[in-house]
4 protein chains.
Amino acid sequence: MADEKWKSTITNIGPGKIEVRGYPIEQLMEHRSFADVIFLTLKGELPEPAEAEMFEAILVSSVDHGVSPPSVLGARNSISAGNALNAAVAAGILSIGDVHGGAIEQAARIMQEWVRKPGSPTELARQLVDELTAKNRRMPGYGHRLHSTDPRTVKLFEKAERLKFSGRHIELCKEIENALEAKSGKRLPINVDGAIAAVTSDMGFDYRLGKGFFILSRTVGLIAHAFEEWTTQRPMRKLGDTNCEYIGPARRDVGSTDES
Amino acid sequence: MADEKWKSTITNIGPGKIEVRGYPIEQLMEHRSFADVIFLTLKGELPEPAEAEMFEAILVSSVDHGVSPPSVLGARNSISAGNALNAAVAAGILSIGDVHGGAIEQAARIMQEWVRKPGSPTELARQLVDELTAKNRRMPGYGHRLHSTDPRTVKLFEKAERLKFSGRHIELCKEIENALEAKSGKRLPINVDGAIAAVTSDMGFDYRLGKGFFILSRTVGLIAHAFEEWTTQRPMRKLGDTNCEYIGPARRDVGSTDES
Amino acid sequence: MADEKWKSTITNIGPGKIEVRGYPIEQLMEHRSFADVIFLTLKGELPEPAEAEMFEAILVSSVDHGVSPPSVLGARNSISAGNALNAAVAAGILSIGDVHGGAIEQAARIMQEWVRKPGSPTELARQLVDELTAKNRRMPGYGHRLHSTDPRTVKLFEKAERLKFSGRHIELCKEIENALEAKSGKRLPINVDGAIAAVTSDMGFDYRLGKGFFILSRTVGLIAHAFEEWTTQRPMRKLGDTNCEYIGPARRDVGSTDES
Amino acid sequence: MADEKWKSTITNIGPGKIEVRGYPIEQLMEHRSFADVIFLTLKGELPEPAEAEMFEAILVSSVDHGVSPPSVLGARNSISAGNALNAAVAAGILSIGDVHGGAIEQAARIMQEWVRKPGSPTELARQLVDELTAKNRRMPGYGHRLHSTDPRTVKLFEKAERLKFSGRHIELCKEIENALEAKSGKRLPINVDGAIAAVTSDMGFDYRLGKGFFILSRTVGLIAHAFEEWTTQRPMRKLGDTNCEYIGPARRDVGSTDES
């Protein structure tokens with residue numbers, strides 16, 4: 001039926017032709033990094049240099065967080081029961097949700113709505129925090145169970161400053177931290193979800209892609225964990241006690257010789 | 001119970017500490033690309049420069065292939081029925097399988113088994129093709145429905161040659177192409193799955209990670225398609241007719257100014 | 001940690017002991033139907049006779065609806081790409097969502113909220129329809145793309161009447177149909193989702209179980225379709241054109257001799 | 001394209017018409033139980049009375065086994081992270097696999113292959129066990145971690161005997177138990193998976209439906225667990241310690257008044 005056809009803007013395919021957002025795949029393979037092409041595929045345009053460097057760091061930031069997050073438990077649990085790698089990864093992604101990784105979307109939605117309002121970031125942050133407090137709601141993207149200072153957040157903002165990459169969303173997100181402290185008397189620091197929300201919003205990404213950045217990054221860890229479970233553990237062991245012992249390489253530094 | 005504890009080699013976590021394979025996450029965010037950190041997380045070590053460049057190209061190669069692959073149908077179909085982005089991506093990944101993306105694992109398993117045997121690549125390829133023919137089985141990773149010359153495969157081998165990145169698996173994979181032609185009288189070219197199988201095998205990756213490379217790359221497209229469906233199409237439309245019209249940007253080149 | 005323990009009310013397990021909601025499994029296997037035990041597991045108590053008969057009919061009603069629903073496409077698409085049966089069923093269930101099967105939960109939530117308000121069903125229905133109209137929202141559970149008279153809905157209400165099984169939710173649900181017609185001038189009949197919402201609400205089920213009834217019923221069809229795809233179709237065929245030809249048995253009647 | 005059309009034998013749909021395997025849905029809703037209609041949908045024909053009673057018992061047998069199976073962990077873990085009920089059920093089903101629930105398919109495949117061979121069940125069982133021992137492989141469907149005598153298996157065979165429902169697969173399955181004991185000197189009793197494999201094989205079901213019976217039955221428990229997690233536990237709690245306390249109803253009997 002005519003009304004069942006649709007139009008897509010993503011990739012143009014033909015014999016010997018694969019063009020992503022207009023660019024031939026072989027040119028992208030030659031000239032651009034994986035992170036650049038993710039940016040292109042999701043946003044429609046290649047990143048500017050500062051955006052490109054920020055975006056690499058965002059994707060690196062969430063690749064893994066050890067064995068305890070629900071998504072890792074989901075992936076290991078599935079492969080341990082005798083499933084294929086793709087099924088295990090899917091199970092892991094089904095344990096990303098509003099409460100695990102979902103704060104990026106939630107925070108970005110609020111930020112994208114509030115930066116459009118009139119007022120300085122300081123004023124807007126105060127109004128927002130008042131409104132959330134009145135509704136007895138938490139601001140998503142602030143606070144972390146484990147990290148009082150999260151090295152990922154520190155690095156993201158340090159990079160943004162150095163690259164002079166910062167816009168109204170990042171400003172607002174910092175003022176929200178101040179406003180939360182002013183309201184409650186204690187510091188509830190921006191966490192990595194909140195930082196990613198702010199930075200990707202300044203890059204012009206729709207908040208509805210929020211879970212997508214986390215999925216892309218954490219799928220790396222999910223595959224590593226599913227593979228480790230598959231190749232080193234006995235099937236259907238009790239996965240309960242996640243206080244596992246880390247037995248990987250000792251701390252080491254990314255040497256300057258590694259940088260090309 | 002004591003026997004329920006396990007050991008993991010991937011990430012070491014503590015308050016303010018996230019070390020992936022030993023490297024502090026903030027150093028990786030500062031000095032390394034997303035593709036480098038994927039390599040590290042999956043393999044345990046950072047890539048050498050030639051490996052790093054090859055690996056970026058591998059991950060770029062499969063980000064999207066338009067609307068027709070089953071995984072895209074799976075993702076669009078799920079979000080169209082009113083599901084969250086992560087559920088839609090999971091549905092897409094559940095439509096990657098032995099027949100769609102699975103040839104990387106299958107081809108890599110065969111290649112990793114055969115390069116260990118005595119004999120030259122030419123001899124091994126001939127024996128392998130004879131054996132497959134006798135068992136009436138296809139060699140996975142050769143031939144493509146649409147592309148007689150796949151620009152992704154061409155680029156991967158061109159890059160490997162230029163970077164002098166080539167080992168026994170790539171040699172064997174090329175000889176298999178010759179042996180298949182000698183046997184059948186027609187050219188059945190290596191496809192992108194076969195090429196990725198050979199290159200990642202030369203990088204030392206276990207064949208059981210084969211589906212993982214494809215999942216990481218194609219998840220980019222799955223998110224873009226799910227997002228496009230979500231934000232531009234009406235819910236629960238008939239997704240049947242995938243002969244959709246491409247309405248994105250016209251062909252354009254990755255300019256040299258884009259290269260930093 | 002102490003705070004990580006939790007309590008469950010569903011099944012008590014020990015060596016040689018499986019008690020579902022207190023009942024030994026072997027007694028349930030001897031004396032009760034599958035539908036009765038579903039009722040027990042989800043609600044905590046065995047059904048009364050009228051509830052039992054209604055509940056069987058509810059579960060039968062949605063077992064399958066041919067090849068076109070998104071969940072069937074999801075399941076067939078996954079197994080066609082070379083996945084295991086459980087992965088294909090999961091993909092199908094990920095294509096049940098707010099728009100496909102989700103109306104049960106949505107309608108039940110509204111009905112369970114409104115029956116608690118003061119007023120006759122007629123008055124409440126009128127207020128509800130006015131409120132929805134004012135907010136420019138549809139009442140979920142009314143209208144169907146294909147069926148102007150849905151044989152499943154007719155049978156559910158016929159059975160409820162004969163069994164004298166009817167409470168405030170069913171009354172309200174019928175009055176909503178009248179109120180919708182009064183408002184719009186055309187009949188928008190209760191569909192099978194709306195009917196299941198009303199009947200399960202009168203049985204005392206929480207509306208948040210709404211998707212569960214549909215999942216249980218439709219999983220039957222998903223397994224049948226995945227199996228048919230797996231055993232009769234070639235892998236990774238284009239699943240687009242769902243106007244398939246039905247080639248199963250011709251119409252036949254459930255004979256009276258079948259009734260025990 | 002012409003070659004993309006396909007034929008299906010499951011359900012015939014039209015306006016006001018839903019015929020499953022030829023039977024109008026309203027007749028099935030009136031005269032048949034949910035289990036009968038599952039049998040019909042999967043097999044193409046309604047069950048005979050003895051088959052119907054056996055099939056109800058099979059579906060009842062595996063509805064739940066407490067909090068510890070991987071599939072329950074998968075479902076609770078997903079909903080705990082903030083996902084919809086259908087996504088949580090899908091995550092649970094993705095933790096059913098070759099090692100959890102998969103023995104039905106594996107055992108049925110072996111049984112369906114061996115009953116076709118010449119020889120008495122006793123001889124065939126001995127040959128089969130010899131062959132498995134020579135290949136250093138286990139016979140799937142025998143032995144259980146927790147239950148030395150599994151009440152579900154006992155009841156299934158008791159019912160089969162009483163109903164005079166027994167064929168070559170059940171005979172073979174019992175002889176395998178004897179042959180395993182003769183070989184190893186210790187009793188490795190048929191478990192519920194093995195029993196279901198034998199009984200459904202005698203009903204004429206293809207072994208490839210094996211996981212399907214378990215999925216249908218256990219989805220009941222998955223929904224109950226996901227609902228309990230959703231409505232009584234705090235989000236994203238550590239799900240590790242599955243030694244939870246059972247706090248449901250005390251043991252009680254299925255009264256004779258319940259039997260209609």
# chains A, B, ... in the order shown; residues from 1 in each chain; ligands from 1

call {"tool": "interface_residues", "arguments": {"of": "chain C", "to": "chain A", "cutoff": "9 Å", "atoms": "only C-alpha atoms", "output": "list of chain:residue names"}}
result
C:Asn83, C:Ala84, C:Ala87

call {"tool": "select_by_dssp", "arguments": {"residues": "range 11-183 of chain C", "states": "alpha helix (DSSP H)", "output": "count of residues only"}}
result
104

call {"tool": "residues_around", "arguments": {"residues": "Ile58 in chain C", "least_positions_apart": "2", "cutoff": "9 Å", "atoms": "only C-alpha atoms", "output": "PyMOL selection string"}}
result
(chain C and resi 53-56+60-62+152+156+196+199-200+213+217) or (chain D and resi 29+34)

call {"tool": "write_last_selection", "arguments": {"atoms": "all heavy atoms", "output": "compact mmCIF listing (two decimals), in the first residue's frame"}}
result
# COMPACT_ATOMS: atom_id res chain seq x y z
N GLU C 53 -13.46 -20.14 34.64
CA GLU C 53 -13.96 -20.27 33.27
C GLU C 53 -13.69 -18.99 32.47
O GLU C 53 -13.29 -19.05 31.30
CB GLU C 53 -15.47 -20.60 33.28
CG GLU C 53 -15.96 -20.94 31.88
CD GLU C 53 -17.40 -21.44 31.82
OE1 GLU C 53 -17.93 -21.91 32.87
OE2 GLU C 53 -17.99 -21.36 30.73
N MET C 54 -13.91 -17.84 33.09
CA MET C 54 -13.60 -16.57 32.42
C MET C 54 -12.11 -16.48 32.07
O MET C 54 -11.73 -16.01 31.00
CB MET C 54 -13.94 -15.37 33.33
CG MET C 54 -15.38 -15.00 33.46
SD MET C 54 -16.24 -14.69 31.88
CE MET C 54 -15.22 -13.44 31.11
N PHE C 55 -11.27 -16.90 33.00
CA PHE C 55 -9.83 -16.74 32.82
C PHE C 55 -9.30 -17.63 31.70
O PHE C 55 -8.43 -17.22 30.92
CB PHE C 55 -9.11 -17.02 34.15
CG PHE C 55 -7.72 -16.43 34.23
CD1 PHE C 55 -7.54 -15.05 34.17
CD2 PHE C 55 -6.61 -17.23 34.38
CE1 PHE C 55 -6.26 -14.49 34.25
CE2 PHE C 55 -5.34 -16.68 34.46
CZ PHE C 55 -5.16 -15.32 34.39
N GLU C 56 -9.84 -18.85 31.60
CA GLU C 56 -9.47 -19.72 30.46
C GLU C 56 -9.78 -19.00 29.15
O GLU C 56 -8.96 -18.96 28.22
CB GLU C 56 -10.26 -21.04 30.50
CG GLU C 56 -10.01 -21.95 31.68
CD GLU C 56 -8.83 -22.93 31.51
OE1 GLU C 56 -8.11 -22.84 30.51
OE2 GLU C 56 -8.63 -23.76 32.42
N VAL C 60 -7.27 -17.88 26.12
CA VAL C 60 -7.46 -18.42 24.77
C VAL C 60 -7.61 -17.29 23.75
O VAL C 60 -7.10 -17.38 22.63
CB VAL C 60 -8.70 -19.34 24.73
CG1 VAL C 60 -9.08 -19.68 23.29
CG2 VAL C 60 -8.44 -20.62 25.53
N SER C 61 -8.28 -16.21 24.15
CA SER C 61 -8.69 -15.19 23.18
C SER C 61 -7.55 -14.62 22.35
O SER C 61 -7.73 -14.31 21.18
CB SER C 61 -9.41 -14.04 23.89
OG SER C 61 -8.50 -13.27 24.67
N SER C 62 -6.36 -14.46 22.94
CA SER C 62 -5.31 -13.72 22.26
C SER C 62 -4.13 -14.58 21.81
O SER C 62 -3.04 -14.06 21.53
CB SER C 62 -4.80 -12.59 23.16
OG SER C 62 -5.87 -11.75 23.53
N ARG C 152 -13.95 -12.08 19.74
CA ARG C 152 -13.38 -12.35 21.06
C ARG C 152 -14.08 -11.52 22.14
O ARG C 152 -14.39 -12.02 23.23
CB ARG C 152 -11.88 -12.02 21.05
CG ARG C 152 -11.12 -12.83 20.01
CD ARG C 152 -9.71 -12.34 19.81
NE ARG C 152 -9.67 -11.00 19.22
CZ ARG C 152 -8.56 -10.38 18.86
NH1 ARG C 152 -7.38 -10.97 19.04
NH2 ARG C 152 -8.61 -9.17 18.33
N LEU C 156 -16.39 -12.87 25.24
CA LEU C 156 -16.01 -12.58 26.63
C LEU C 156 -17.20 -12.01 27.40
O LEU C 156 -17.49 -12.43 28.53
CB LEU C 156 -14.83 -11.60 26.70
CG LEU C 156 -13.45 -12.19 26.39
CD1 LEU C 156 -12.38 -11.09 26.39
CD2 LEU C 156 -13.06 -13.28 27.40
N ILE C 196 -10.56 -7.41 28.17
CA ILE C 196 -9.68 -8.11 29.12
C ILE C 196 -9.36 -7.20 30.30
O ILE C 196 -9.31 -7.64 31.46
CB ILE C 196 -8.39 -8.58 28.41
CG1 ILE C 196 -8.72 -9.68 27.39
CG2 ILE C 196 -7.37 -9.09 29.42
CD1 ILE C 196 -7.56 -10.15 26.54
N VAL C 199 -12.50 -7.27 32.60
CA VAL C 199 -12.75 -8.55 33.27
C VAL C 199 -11.67 -8.84 34.31
O VAL C 199 -11.96 -9.22 35.45
CB VAL C 199 -12.85 -9.69 32.24
CG1 VAL C 199 -13.01 -11.03 32.94
CG2 VAL C 199 -14.02 -9.45 31.28
N THR C 200 -10.40 -8.62 33.96
CA THR C 200 -9.34 -8.90 34.94
C THR C 200 -9.39 -7.89 36.10
O THR C 200 -9.02 -8.23 37.22
CB THR C 200 -7.93 -8.88 34.30
OG1 THR C 200 -7.73 -7.65 33.61
CG2 THR C 200 -7.79 -10.03 33.31
N PHE C 213 -1.03 -10.60 30.84
CA PHE C 213 -2.04 -11.51 30.27
C PHE C 213 -1.81 -11.66 28.78
O PHE C 213 -1.90 -12.75 28.21
CB PHE C 213 -3.45 -10.99 30.55
CG PHE C 213 -3.71 -10.74 32.00
CD1 PHE C 213 -4.04 -9.48 32.47
CD2 PHE C 213 -3.62 -11.78 32.91
CE1 PHE C 213 -4.26 -9.25 33.82
CE2 PHE C 213 -3.84 -11.58 34.27
CZ PHE C 213 -4.16 -10.30 34.72
N SER C 217 -0.63 -15.11 26.62
CA SER C 217 -1.47 -15.64 25.56
C SER C 217 -0.74 -15.61 24.22
O SER C 217 -0.64 -16.62 23.52
CB SER C 217 -2.76 -14.81 25.51
OG SER C 217 -3.69 -15.39 24.63
N MET D 29 -12.81 -20.47 22.64
CA MET D 29 -13.02 -19.78 23.92
C MET D 29 -14.17 -20.40 24.71
O MET D 29 -14.16 -20.40 25.93
CB MET D 29 -13.32 -18.29 23.67
CG MET D 29 -12.11 -17.49 23.20
SD MET D 29 -12.58 -15.82 22.64
CE MET D 29 -13.02 -15.05 24.21
N PHE D 34 -7.21 -23.28 27.93
CA PHE D 34 -6.02 -22.62 27.40
C PHE D 34 -4.98 -23.66 26.98
O PHE D 34 -4.41 -23.57 25.89
CB PHE D 34 -5.45 -21.68 28.47
CG PHE D 34 -4.25 -20.89 28.07
CD1 PHE D 34 -4.16 -20.30 26.81
CD2 PHE D 34 -3.20 -20.69 28.96
CE1 PHE D 34 -3.04 -19.55 26.44
CE2 PHE D 34 -2.07 -19.93 28.60
CZ PHE D 34 -2.01 -19.36 27.35

call {"tool": "closest_residue", "arguments": {"among": "B:Glu48, B:Ala81, B:Val254, B:Ile176", "to": "Ala103 in chain C", "atoms": "only C-alpha atoms"}}
result
B:Ala81

call {"tool": "select_by_dssp", "arguments": {"residues": "range 4-213 of chain D", "states": "strand (DSSP E)", "output": "ChimeraX atom specification"}}
result
/D:7-8,11-14,17-20,23-24

call {"tool": "atom_distance", "arguments": {"atom1": "CA of Cys244 in chain C", "atom2": "CA of Lys7 in chain D"}}
result
5.4 Å

call {"tool": "atom_distance", "arguments": {"atom1": "CA of Ala224 in chain A", "atom2": "CA of Glu113 in chain B"}}
result
22.4 Å

call {"tool": "residues_around", "arguments": {"residues": "Thr122 in chain D", "least_positions_apart": "6", "cutoff": "8 Å", "atoms": "only C-alpha atoms", "output": "list in words"}}
result
Leu172, Glu175, Ile176 and Ala179 of chain D

call {"tool": "closest_residue", "arguments": {"among": "D:Trp114, D:Ile215, D:Thr153, D:Trp6", "to": "Asp64 in chain D", "atoms": "only C-alpha atoms"}}
result
D:Ile215

call {"tool": "closest_residue", "arguments": {"among": "A:Thr219, A:Gln233, A:Asn191, A:Ser184", "to": "Val129 in chain A", "atoms": "only C-alpha atoms"}}
result
A:Ser184

call {"tool": "atom_distance", "arguments": {"atom1": "CA of Lys186 in chain D", "atom2": "CA of Gly143 in chain D"}}
result
10.9 Å

call {"tool": "closest_residue", "arguments": {"among": "D:His31, D:Ser201, D:Ser95, D:Phe227", "to": "Val72 in chain D", "atoms": "only C-alpha atoms"}}
result
D:Ser95

call {"tool": "residues_around", "arguments": {"residues": "Gln27 in chain A", "least_positions_apart": "6", "cutoff": "12 Å", "atoms": "only C-alpha atoms", "output": "PDB file with C-alpha atoms, in the first residue's frame"}}
result
ATOM      1  CA  LYS A  17      27.568   1.856  -2.862  1.00  0.00           C
ATOM      2  CA  ILE A  18      27.126   2.512   0.842  1.00  0.00           C
ATOM      3  CA  GLU A  19      26.742   6.195   1.692  1.00  0.00           C
ATOM      4  CA  VAL A  20      26.139   7.140   5.315  1.00  0.00           C
ATOM      5  CA  SER A  33      37.485   7.595  13.503  1.00  0.00           C
ATOM      6  CA  VAL A  37      31.213   8.194  12.329  1.00  0.00           C
TER       7      VAL A  37
ATOM      8  CA  ALA B  57      38.259   1.112   9.939  1.00  0.00           C
ATOM      9  CA  VAL B  60      33.422   2.142  10.864  1.00  0.00           C
ATOM     10  CA  SER B  61      32.796  -0.387   8.097  1.00  0.00           C
ATOM     11  CA  PRO B 151      33.752  -1.093  -1.001  1.00  0.00           C
ATOM     12  CA  ARG B 152      34.278  -2.029   2.633  1.00  0.00           C
ATOM     13  CA  VAL B 154      38.354  -3.320  -0.771  1.00  0.00           C
ATOM     14  CA  LYS B 155      39.201  -0.594   1.725  1.00  0.00           C
ATOM     15  CA  LEU B 156      40.057  -3.018   4.523  1.00  0.00           C
ATOM     16  CA  LYS B 159      44.593  -0.373   4.329  1.00  0.00           C
ATOM     17  CA  ARG B 251      26.614  12.178  -2.047  1.00  0.00           C
ATOM     18  CA  ARG B 252      29.420  14.284  -0.635  1.00  0.00           C
ATOM     19  CA  ASP B 253      33.093  13.796   0.113  1.00  0.00           C
ATOM     20  CA  VAL B 254      34.975  13.639   3.361  1.00  0.00           C
ATOM     21  CA  GLY B 255      37.089  16.720   2.740  1.00  0.00           C
ATOM     22  CA  SER B 256      40.786  16.823   3.465  1.00  0.00           C
ATOM     23  CA  ASP B 258      38.233  17.358   7.985  1.00  0.00           C
ATOM     24  CA  GLU B 259      41.410  15.467   8.640  1.00  0.00           C
TER      25      GLU B 259
END

call {"tool": "residues_around", "arguments": {"residues": "Met236 in chain D", "least_positions_apart": "6", "cutoff": "12 Å", "atoms": "only C-alpha atoms", "output": "list in words"}}
result
Ser68, Pro69, Pro70, Ser71, Leu73, Ser95, Ile96, Gly97, Asp98, Val99, His100, Gly101 and Arg145 of chain A; Glu4 of chain C; Arg76, Asn77, Ser78, Ile79, Ser80, Ala81, Gly82, Asn83, Glu229 and Trp230 of chain D
